[in-house]
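Shown here: query15.csv, CSV, C-alpha atoms.
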```csv
chain,number,residue,atom,x,y,z
A,1,MET,CA,-10.6,114.3,123.1
A,2,ARG,CA,-12.0,114.5,119.6
A,3,SER,CA,-10.0,111.3,118.8
A,4,ILE,CA,-8.0,108.9,121.1
A,5,LEU,CA,-7.6,111.3,124.0
A,6,PRO,CA,-11.1,112.6,125.0
A,7,ALA,CA,-9.8,114.8,127.7
A,8,THR,CA,-7.8,117.0,125.5
A,9,ALA,CA,-11.0,117.7,124.3
A,10,LEU,CA,-11.1,119.7,127.3
A,11,LEU,CA,-8.9,120.7,126.8
A,12,LEU,CA,-12.2,126.0,125.7
A,13,ALA,CA,-16.3,132.2,122.9
A,14,CYS,CA,-17.5,134.2,125.8
A,15,MET,CA,-17.0,137.8,126.9
A,16,ALA,CA,-13.4,138.3,128.0
A,17,SER,CA,-12.2,140.2,131.0
A,18,PRO,CA,-10.4,143.4,129.8
A,19,ALA,CA,-7.5,142.5,132.2
A,20,TRP,CA,-7.0,139.1,130.5
A,21,ALA,CA,-5.2,139.9,127.2
A,22,VAL,CA,-4.4,137.2,124.6
A,23,LYS,CA,-0.6,136.7,124.5
A,24,PRO,CA,1.6,134.1,122.9
A,25,PHE,CA,3.0,131.3,125.0
A,26,VAL,CA,4.6,127.8,124.9
A,27,ALA,CA,3.7,125.4,127.7
A,28,ASP,CA,5.2,122.0,128.2
A,29,TYR,CA,3.4,119.2,130.0
A,30,GLU,CA,4.0,115.6,131.2
A,31,ALA,CA,1.2,113.4,130.0
A,32,THR,CA,0.0,110.1,131.4
A,33,VAL,CA,-2.5,108.1,129.4
A,34,LYS,CA,-4.6,105.4,131.2
A,35,GLY,CA,-2.0,105.5,134.0
A,36,VAL,CA,0.7,103.6,132.0
A,37,ILE,CA,1.6,105.5,128.8
A,38,HIS,CA,3.9,108.4,129.4
A,39,ALA,CA,4.4,111.2,126.8
A,40,ASP,CA,5.5,114.7,126.3
A,41,ALA,CA,2.8,117.2,125.5
A,42,GLN,CA,2.9,120.9,124.5
A,43,MET,CA,0.3,123.7,124.3
A,44,LYS,CA,1.3,126.7,122.1
A,45,LEU,CA,-0.4,129.9,121.2
A,46,THR,CA,0.9,132.0,118.4
A,47,SER,CA,-0.4,135.0,116.4
A,48,ALA,CA,-2.1,134.1,113.1
A,49,GLY,CA,-2.1,137.7,112.0
A,50,GLY,CA,-4.6,140.5,112.8
A,51,ASN,CA,-6.9,139.5,115.6
A,52,ARG,CA,-6.5,135.8,114.9
A,53,TRP,CA,-4.7,133.2,117.0
A,54,ASN,CA,-3.4,129.7,116.4
A,55,TYR,CA,-3.7,127.4,119.4
A,56,GLU,CA,-2.0,124.0,119.2
A,57,LEU,CA,-1.8,120.9,121.4
A,58,SER,CA,0.6,118.1,120.6
A,59,VAL,CA,1.2,114.8,122.4
A,60,ASN,CA,4.1,112.6,121.3
A,61,ASN,CA,4.9,109.1,122.3
A,62,PRO,CA,6.5,106.1,120.4
A,63,ILE,CA,3.1,104.5,120.3
A,64,ALA,CA,0.9,107.4,119.4
A,65,SER,CA,1.0,111.0,118.4
A,66,VAL,CA,-1.7,113.6,118.4
A,67,ARG,CA,-1.8,117.2,117.0
A,68,GLN,CA,-4.8,119.4,117.5
A,69,THR,CA,-5.1,123.0,116.3
A,70,THR,CA,-7.7,125.7,116.5
A,71,VAL,CA,-7.7,129.1,114.9
A,72,PHE,CA,-9.8,131.6,116.8
A,73,GLU,CA,-10.4,135.3,116.6
A,74,ASP,CA,-10.5,137.9,119.3
A,75,ARG,CA,-13.2,140.4,118.4
A,76,ASP,CA,-13.0,143.2,121.0
A,77,GLY,CA,-12.8,140.6,123.8
A,78,THR,CA,-15.1,138.0,122.3
A,79,TRP,CA,-13.4,134.8,121.3
A,80,ARG,CA,-14.8,132.5,118.6
A,81,PRO,CA,-13.4,129.5,116.7
A,82,LEU,CA,-12.8,129.7,113.0
A,83,SER,CA,-11.3,126.3,112.1
A,84,GLY,CA,-9.9,123.2,113.7
A,85,ASN,CA,-7.8,120.3,112.8
A,86,ASP,CA,-7.3,117.0,114.6
A,87,SER,CA,-4.6,114.6,113.4
A,88,THR,CA,-3.9,111.3,115.2
A,89,GLN,CA,-1.5,108.5,114.5
A,90,MET,CA,-1.5,105.3,116.6
A,91,LEU,CA,0.9,102.7,115.3
A,92,ILE,CA,-0.3,102.2,111.7
A,93,LYS,CA,-3.8,103.7,112.2
A,94,LYS,CA,-4.2,107.3,111.2
A,95,SER,CA,-7.1,109.8,111.6
A,96,GLN,CA,-7.7,113.2,110.2
A,97,LYS,CA,-10.6,115.5,111.1
A,98,ASN,CA,-11.3,119.1,110.1
A,99,ALA,CA,-13.7,121.7,111.4
A,100,SER,CA,-15.0,124.9,109.9
A,101,TYR,CA,-16.9,127.6,111.8
A,102,ASP,CA,-18.7,129.9,109.3
A,103,TRP,CA,-20.0,132.8,111.3
A,104,ILE,CA,-21.5,134.5,108.3
A,105,ALA,CA,-23.6,131.5,107.5
A,106,GLY,CA,-24.0,130.7,111.2
A,107,GLU,CA,-23.0,127.1,111.0
A,108,ALA,CA,-20.2,124.6,111.7
A,109,ARG,CA,-19.3,121.6,109.6
A,110,TRP,CA,-16.8,118.8,109.8
A,111,SER,CA,-14.9,116.7,107.2
A,112,GLY,CA,-12.3,114.0,107.0
A,113,ASP,CA,-12.5,110.8,109.1
A,114,VAL,CA,-15.9,111.6,110.6
A,115,LYS,CA,-19.2,109.7,110.5
A,116,PRO,CA,-21.9,111.1,108.2
A,117,ASP,CA,-24.1,112.1,111.2
A,118,ARG,CA,-21.2,114.1,112.6
A,119,MET,CA,-20.6,116.3,109.5
A,120,GLY,CA,-23.1,118.9,110.5
A,121,PRO,CA,-24.2,121.5,109.9
A,122,VAL,CA,-24.6,122.6,113.5
A,123,LYS,CA,-26.1,126.0,114.0
A,124,LEU,CA,-23.8,128.4,115.8
A,125,GLN,CA,-24.7,130.7,118.6
A,126,ALA,CA,-22.9,133.8,120.1
A,127,GLY,CA,-20.5,132.6,122.7
A,128,ASP,CA,-19.9,129.1,121.2
A,129,VAL,CA,-16.4,127.5,121.8
A,130,ASP,CA,-14.8,124.4,120.5
A,131,ALA,CA,-13.1,121.7,122.7
A,132,MET,CA,-9.6,123.1,122.4
A,133,MET,CA,-10.6,126.6,123.4
A,134,LEU,CA,-12.1,125.4,126.7
A,135,ASN,CA,-8.5,125.2,128.1
A,136,LEU,CA,-8.0,128.9,127.6
A,137,VAL,CA,-11.5,130.1,128.3
A,138,ILE,CA,-11.6,128.3,131.7
A,139,VAL,CA,-8.3,130.0,132.8
A,140,ARG,CA,-9.6,133.4,131.6
A,141,ASP,CA,-13.0,133.1,133.4
A,142,VAL,CA,-11.6,131.7,136.7
A,143,ALA,CA,-9.4,134.7,136.8
A,144,ALA,CA,-12.3,137.0,136.2
A,145,GLY,CA,-14.6,135.2,138.7
A,146,LYS,CA,-17.1,134.5,135.9
A,147,SER,CA,-19.6,131.6,135.4
A,148,LEU,CA,-18.0,128.5,134.0
A,149,SER,CA,-20.8,127.4,131.7
A,150,TYR,CA,-20.2,127.0,128.0
A,151,ARG,CA,-21.8,125.8,124.8
A,152,MET,CA,-19.2,123.6,123.1
A,153,VAL,CA,-19.6,122.9,119.4
A,154,ASP,CA,-17.3,120.1,118.5
A,155,ASN,CA,-17.2,116.9,116.6
A,156,GLY,CA,-20.6,117.4,115.0
A,157,LEU,CA,-22.4,118.1,118.2
A,158,ALA,CA,-23.3,121.0,120.5
A,159,ARG,CA,-23.1,120.3,124.2
A,160,GLN,CA,-23.5,122.4,127.4
A,161,GLN,CA,-20.4,122.2,129.6
A,162,THR,CA,-20.7,123.5,133.1
A,163,TYR,CA,-17.8,123.5,135.6
A,164,GLN,CA,-18.1,123.7,139.3
A,165,ASN,CA,-15.7,125.8,141.4
A,166,LEU,CA,-14.4,123.4,144.1
A,167,GLY,CA,-12.2,126.0,145.9
A,168,GLN,CA,-8.5,126.2,146.3
A,169,GLU,CA,-5.9,123.5,146.6
A,170,LYS,CA,-2.1,123.3,147.0
A,171,ILE,CA,-0.3,121.7,144.0
A,172,THR,CA,3.3,121.6,142.7
A,173,VAL,CA,4.2,123.3,139.4
A,174,ALA,CA,7.7,122.8,138.1
A,175,GLY,CA,8.9,121.8,141.6
A,176,LYS,CA,7.4,124.8,143.3
A,177,PRO,CA,4.3,124.9,145.6
A,178,LYS,CA,1.3,126.9,144.1
A,179,THR,CA,-2.2,127.6,145.2
A,180,ALA,CA,-4.7,126.6,142.5
A,181,THR,CA,-8.4,127.0,141.9
A,182,LYS,CA,-9.9,123.6,141.3
A,183,VAL,CA,-12.9,123.2,138.9
A,184,SER,CA,-14.6,120.2,137.5
A,185,ARG,CA,-17.5,118.8,135.5
A,186,SER,CA,-19.1,115.4,135.3
A,187,SER,CA,-21.2,113.9,132.6
A,188,GLU,CA,-21.8,110.6,130.9
A,189,GLY,CA,-19.4,108.7,133.2
A,190,LYS,CA,-16.6,111.2,132.6
A,191,LEU,CA,-15.1,113.5,135.3
A,192,VAL,CA,-12.8,116.3,134.1
A,193,THR,CA,-10.9,118.3,136.7
A,194,VAL,CA,-8.9,121.4,135.9
A,195,TRP,CA,-6.4,123.3,138.2
A,196,VAL,CA,-5.9,127.0,137.5
A,197,VAL,CA,-3.0,129.0,139.0
A,198,GLU,CA,-3.2,132.8,139.0
A,199,GLY,CA,-0.8,134.3,136.5
A,200,LEU,CA,-0.5,131.2,134.3
A,201,PRO,CA,-2.2,131.4,130.9
A,202,VAL,CA,-2.9,127.6,130.8
A,203,PRO,CA,-4.2,125.0,133.3
A,204,ALA,CA,-1.6,123.8,135.7
A,205,ARG,CA,-3.2,120.3,135.5
A,206,ILE,CA,-6.0,118.6,133.6
A,207,LEU,CA,-7.2,115.2,134.7
A,208,GLN,CA,-9.9,113.1,133.0
A,209,GLN,CA,-11.4,110.1,134.6
A,210,ASP,CA,-13.7,107.6,132.7
A,211,ASP,CA,-15.9,105.4,134.9
A,212,GLY,CA,-13.7,106.3,137.9
A,213,LYS,CA,-10.3,105.4,136.3
A,214,ASP,CA,-7.7,107.9,135.1
A,215,SER,CA,-7.7,108.2,131.3
A,216,LEU,CA,-5.5,111.3,130.8
A,217,ASP,CA,-3.4,113.4,133.2
A,218,LEU,CA,-1.6,116.5,131.9
A,219,VAL,CA,0.7,118.1,134.4
A,220,LEU,CA,2.4,121.4,133.6
A,221,LYS,CA,6.2,121.4,133.6
A,222,SER,CA,7.0,124.9,132.3
A,223,VAL,CA,5.5,127.8,130.4
A,224,ASN,CA,7.1,130.7,128.6
```
What would you get if you wrote out this structure as structure tokens?
Amino acid sequence: MRSILPATALLLACMASPAWAVKPFVADYEATVKGVIHADAQMKLTSAGGNRWNYELSVNNPIASVRQTTVFEDRDGTWRPLSGNDSTQMLIKKSQKNASYDWIAGEARWSGDVKPDRMGPVKLQAGDVDAMMLNLVIVRDVAAGKSLSYRMVDNGLARQQTYQNLGQEKITVAGKPKTATKVSRSSEGKLVTVWVVEGLPVPARILQQDDGKDSLDLVLKSVN
């Protein structure tokens, strides 16, 4: 994650499949952090007017709360980030980070509680996504059978993120058995695995492991 939960920074612009239309949803998850801290999490996509969409992830627990939002636009099937906000509170410690993606100037910048060397600018390229958008883009591209390789511009850096398709696996979603496509990526000691179920607009599960230990596990409970 951009802050205390790196995996939510999986949590995803590329050419979209015409069959995959952007639609509003609300998805509720059960979150487990470092195998011991349990929390409620929610992903939500709402219209921001015109061709713009507001995508939000919130995680709430008595110890910590996280709220991340990304505004992106859908330009004839091409998705690209416009702005982002990351707000974290852990006991008495607070953190606020903001991102701006200026496609006219062709650069991204960050402000708030960020280090000077992470403020940017970072030059933008066609097809760039931010960390939040990866959640949606992976689901979209698995459904379309596309390559799962992305340039993620987030937190003052541009990184290449490539996921491998590991085939299908049986999982349980809201108490019902489902067949999911399992994809993953590994880099810098981190392994991120995502399960995608046909017909669902969000991942059925996201698991991040750091140095072989679970750091974040998001399991879908319901989506509307």
Report task. Using atom CA of Arg80 of chain A and atom CA of Tyr101 of chain A as the two end points, give the distance in Å to one decimal. Result -> 8.6 Å
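Proximity ranking of A:Val183, A:Leu191, A:Leu82, A:Met133 relative to Ser147 of chain A places A:Val183 first, based on only C-alpha atoms.
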Residues near segment 111-122 of chain A, anyone? I mean within 8 Å using only C-alpha atoms, not counting same-chain ones fewer than 4 positions away, as an mmCIF file with C-alpha atoms, in the coordinates of the input.
```cif
data_model
loop_
_atom_site.group_PDB
_atom_site.id
_atom_site.type_symbol
_atom_site.label_atom_id
_atom_site.label_comp_id
_atom_site.auth_asym_id
_atom_site.auth_seq_id
_atom_site.Cartn_x
_atom_site.Cartn_y
_atom_site.Cartn_z
ATOM 1 C CA SER A 95 -7.100 109.800 111.600
ATOM 2 C CA GLN A 96 -7.700 113.200 110.200
ATOM 3 C CA LYS A 97 -10.600 115.500 111.100
ATOM 4 C CA ASN A 98 -11.300 119.100 110.100
ATOM 5 C CA ALA A 99 -13.700 121.700 111.400
ATOM 6 C CA GLU A 107 -23.000 127.100 111.000
ATOM 7 C CA VAL A 153 -19.600 122.900 119.400
ATOM 8 C CA ASN A 155 -17.200 116.900 116.600
ATOM 9 C CA GLY A 156 -20.600 117.400 115.000
ATOM 10 C CA LEU A 157 -22.400 118.100 118.200
ATOM 11 C CA ALA A 158 -23.300 121.000 120.500
#
```
Query raised in the report: In Å to one decimal, how far is atom CA of Val223 of chain A from atom CA of Gln209 of chain A?
Result: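 Atom-to-atom, atom CA of Gln209 of chain A to atom CA of Val223 of chain A, that is 24.8 Å.
Of the residues under consideration (A:Leu166, A:Ala143, A:Ile37, A:Val66), A:Ala143 shows the shortest atom-to-atom contact distance to Pro203 of chain A when counting only C-alpha atoms.
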Report task. Name the closest residue to Leu45 of chain A among the candidates A:Asp214, A:Val26, A:Gln89, A:Val33; distances are taken between atoms, counting only C-alpha atoms. Result ->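 Once distances to Leu45 of chain A are computed over only C-alpha atoms, the minimum belongs to A:Val26.
Closest to Lys146 of chain A among A:Pro24, A:Ile104, A:Ala174, A:Thr162 is A:Thr162, based on all atoms listed in the file.
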Report task. Name the residues in contact with Leu57 of chain A at a cut-off of 8 Å, using all atoms listed in the file, excluding same-chain residues fewer than 6 positions from it; report them as a list in words. Result -> Ala41, Gln42, Met43, Lys44, Val66, Arg67, Gln68 and Thr69 of chain A
Query raised in the report: Which of these residues is nearest to Gln208 of chain A, using only C-alpha atoms: A:Asn54, A:Gln160, A:Ser186, A:Asn224?
Result: A:Ser186
Report summary line: The residue from A:Val196, A:Val36, A:Leu207, A:Leu124 with the smallest atom-to-atom distance to Ala144 of chain A, counting only C-alpha atoms, is A:Val196
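Every protein, DNA or RNA residue with an atom at most 6 Å from Ser100 of chain A, where only C-alpha atoms count and chain neighbours fewer than 6 positions away do not, is listed here: Ser83, Ala108 and Arg109 of chain A.
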**Report entry** atom CA of Lys170 of chain A to atom CA of Glu188 of chain A, distance in Å rounded to a single decimal
**Finding:** 28.4 Å
Requested in this report: Please identify all polymer residues within 9 Å of Gln125 of chain A, counting only C-alpha atoms, omitting same-chain residues fewer than 5 positions from it, and present them as a list in words.
Outcome: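 What passes the distance filter is Trp103, Gly106, Glu107 and Arg151 of chain A.
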Report task. Find the residues around Leu148 of chain A up to 8 Å (all atoms listed in the file counted), leave out those fewer than 5 positions away in its own chain, and share them as a list in words. Result ->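 Listing them by chain and then by number gives Ile138, Asp141, Val142, Thr162, Tyr163 and Gln164 of chain A.
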Should you be able to, write segment 151-175 of chain A of this structure into a file that contains N, CA and C atoms, as a PDB file, in the first residue's frame.
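Output below, filename out15.pdb:
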```pdb
ATOM      1  N   ARG A 151       2.524  -0.376 -16.287  1.00  0.00           N
ATOM      2  CA  ARG A 151       3.448   0.617 -15.721  1.00  0.00           C
ATOM      3  C   ARG A 151       2.674   1.377 -14.660  1.00  0.00           C
ATOM      4  N   MET A 152       3.027   1.160 -13.402  1.00  0.00           N
ATOM      5  CA  MET A 152       2.335   1.786 -12.288  1.00  0.00           C
ATOM      6  C   MET A 152       3.105   3.024 -11.840  1.00  0.00           C
ATOM      7  N   VAL A 153       2.433   4.164 -11.858  1.00  0.00           N
ATOM      8  CA  VAL A 153       3.029   5.427 -11.413  1.00  0.00           C
ATOM      9  C   VAL A 153       2.352   5.793 -10.103  1.00  0.00           C
ATOM     10  N   ASP A 154       3.101   5.639  -9.005  1.00  0.00           N
ATOM     11  CA  ASP A 154       2.497   5.817  -7.691  1.00  0.00           C
ATOM     12  C   ASP A 154       3.573   6.129  -6.664  1.00  0.00           C
ATOM     13  N   ASN A 155       3.241   7.000  -5.711  1.00  0.00           N
ATOM     14  CA  ASN A 155       4.142   7.309  -4.599  1.00  0.00           C
ATOM     15  C   ASN A 155       5.511   7.778  -5.079  1.00  0.00           C
ATOM     16  N   GLY A 156       5.512   8.607  -6.120  1.00  0.00           N
ATOM     17  CA  GLY A 156       6.747   9.217  -6.594  1.00  0.00           C
ATOM     18  C   GLY A 156       7.628   8.346  -7.455  1.00  0.00           C
ATOM     19  N   LEU A 157       7.144   7.188  -7.859  1.00  0.00           N
ATOM     20  CA  LEU A 157       7.940   6.272  -8.657  1.00  0.00           C
ATOM     21  C   LEU A 157       7.117   5.673  -9.795  1.00  0.00           C
ATOM     22  N   ALA A 158       7.807   5.205 -10.821  1.00  0.00           N
ATOM     23  CA  ALA A 158       7.186   4.437 -11.903  1.00  0.00           C
ATOM     24  C   ALA A 158       7.790   3.039 -11.866  1.00  0.00           C
ATOM     25  N   ARG A 159       6.942   2.028 -11.752  1.00  0.00           N
ATOM     26  CA  ARG A 159       7.413   0.643 -11.674  1.00  0.00           C
ATOM     27  C   ARG A 159       6.645  -0.220 -12.673  1.00  0.00           C
ATOM     28  N   GLN A 160       7.314  -1.205 -13.222  1.00  0.00           N
ATOM     29  CA  GLN A 160       6.650  -2.169 -14.087  1.00  0.00           C
ATOM     30  C   GLN A 160       6.079  -3.281 -13.216  1.00  0.00           C
ATOM     31  N   GLN A 161       4.801  -3.575 -13.405  1.00  0.00           N
ATOM     32  CA  GLN A 161       4.126  -4.621 -12.643  1.00  0.00           C
ATOM     33  C   GLN A 161       3.594  -5.668 -13.623  1.00  0.00           C
ATOM     34  N   THR A 162       4.127  -6.882 -13.554  1.00  0.00           N
ATOM     35  CA  THR A 162       3.706  -7.952 -14.457  1.00  0.00           C
ATOM     36  C   THR A 162       3.181  -9.135 -13.649  1.00  0.00           C
ATOM     37  N   TYR A 163       1.958  -9.510 -13.926  1.00  0.00           N
ATOM     38  CA  TYR A 163       1.310 -10.631 -13.237  1.00  0.00           C
ATOM     39  C   TYR A 163       1.321 -11.872 -14.126  1.00  0.00           C
ATOM     40  N   GLN A 164       1.531 -13.014 -13.509  1.00  0.00           N
ATOM     41  CA  GLN A 164       1.513 -14.294 -14.212  1.00  0.00           C
ATOM     42  C   GLN A 164       0.180 -14.986 -13.966  1.00  0.00           C
ATOM     43  N   ASN A 165      -0.397 -15.560 -15.039  1.00  0.00           N
ATOM     44  CA  ASN A 165      -1.641 -16.319 -14.909  1.00  0.00           C
ATOM     45  C   ASN A 165      -1.300 -17.730 -14.440  1.00  0.00           C
ATOM     46  N   LEU A 166      -1.770 -18.096 -13.252  1.00  0.00           N
ATOM     47  CA  LEU A 166      -1.457 -19.390 -12.663  1.00  0.00           C
ATOM     48  C   LEU A 166      -2.562 -20.423 -12.870  1.00  0.00           C
ATOM     49  N   GLY A 167      -3.550 -20.089 -13.699  1.00  0.00           N
ATOM     50  CA  GLY A 167      -4.626 -21.035 -13.969  1.00  0.00           C
ATOM     51  C   GLY A 167      -5.818 -20.834 -13.046  1.00  0.00           C
ATOM     52  N   GLN A 168      -6.696 -21.822 -13.015  1.00  0.00           N
ATOM     53  CA  GLN A 168      -7.931 -21.697 -12.249  1.00  0.00           C
ATOM     54  C   GLN A 168      -7.854 -22.457 -10.930  1.00  0.00           C
ATOM     55  N   GLU A 169      -8.643 -21.954  -9.980  1.00  0.00           N
ATOM     56  CA  GLU A 169      -8.637 -22.544  -8.637  1.00  0.00           C
ATOM     57  C   GLU A 169     -10.020 -22.363  -8.012  1.00  0.00           C
ATOM     58  N   LYS A 170     -10.471 -23.350  -7.262  1.00  0.00           N
ATOM     59  CA  LYS A 170     -11.743 -23.266  -6.576  1.00  0.00           C
ATOM     60  C   LYS A 170     -11.589 -22.444  -5.296  1.00  0.00           C
ATOM     61  N   ILE A 171     -12.482 -21.458  -5.104  1.00  0.00           N
ATOM     62  CA  ILE A 171     -12.495 -20.675  -3.874  1.00  0.00           C
ATOM     63  C   ILE A 171     -13.941 -20.515  -3.414  1.00  0.00           C
ATOM     64  N   THR A 172     -14.110 -19.973  -2.224  1.00  0.00           N
ATOM     65  CA  THR A 172     -15.448 -19.728  -1.681  1.00  0.00           C
ATOM     66  C   THR A 172     -15.674 -18.228  -1.578  1.00  0.00           C
ATOM     67  N   VAL A 173     -16.780 -17.769  -2.149  1.00  0.00           N
ATOM     68  CA  VAL A 173     -17.148 -16.358  -2.113  1.00  0.00           C
ATOM     69  C   VAL A 173     -18.541 -16.250  -1.520  1.00  0.00           C
ATOM     70  N   ALA A 174     -18.665 -15.563  -0.395  1.00  0.00           N
ATOM     71  CA  ALA A 174     -19.947 -15.408   0.286  1.00  0.00           C
ATOM     72  C   ALA A 174     -20.609 -16.758   0.541  1.00  0.00           C
ATOM     73  N   GLY A 175     -19.812 -17.743   0.917  1.00  0.00           N
ATOM     74  CA  GLY A 175     -20.325 -19.058   1.263  1.00  0.00           C
ATOM     75  C   GLY A 175     -20.642 -19.959   0.083  1.00  0.00           C
TER      76      GLY A 175
END
```
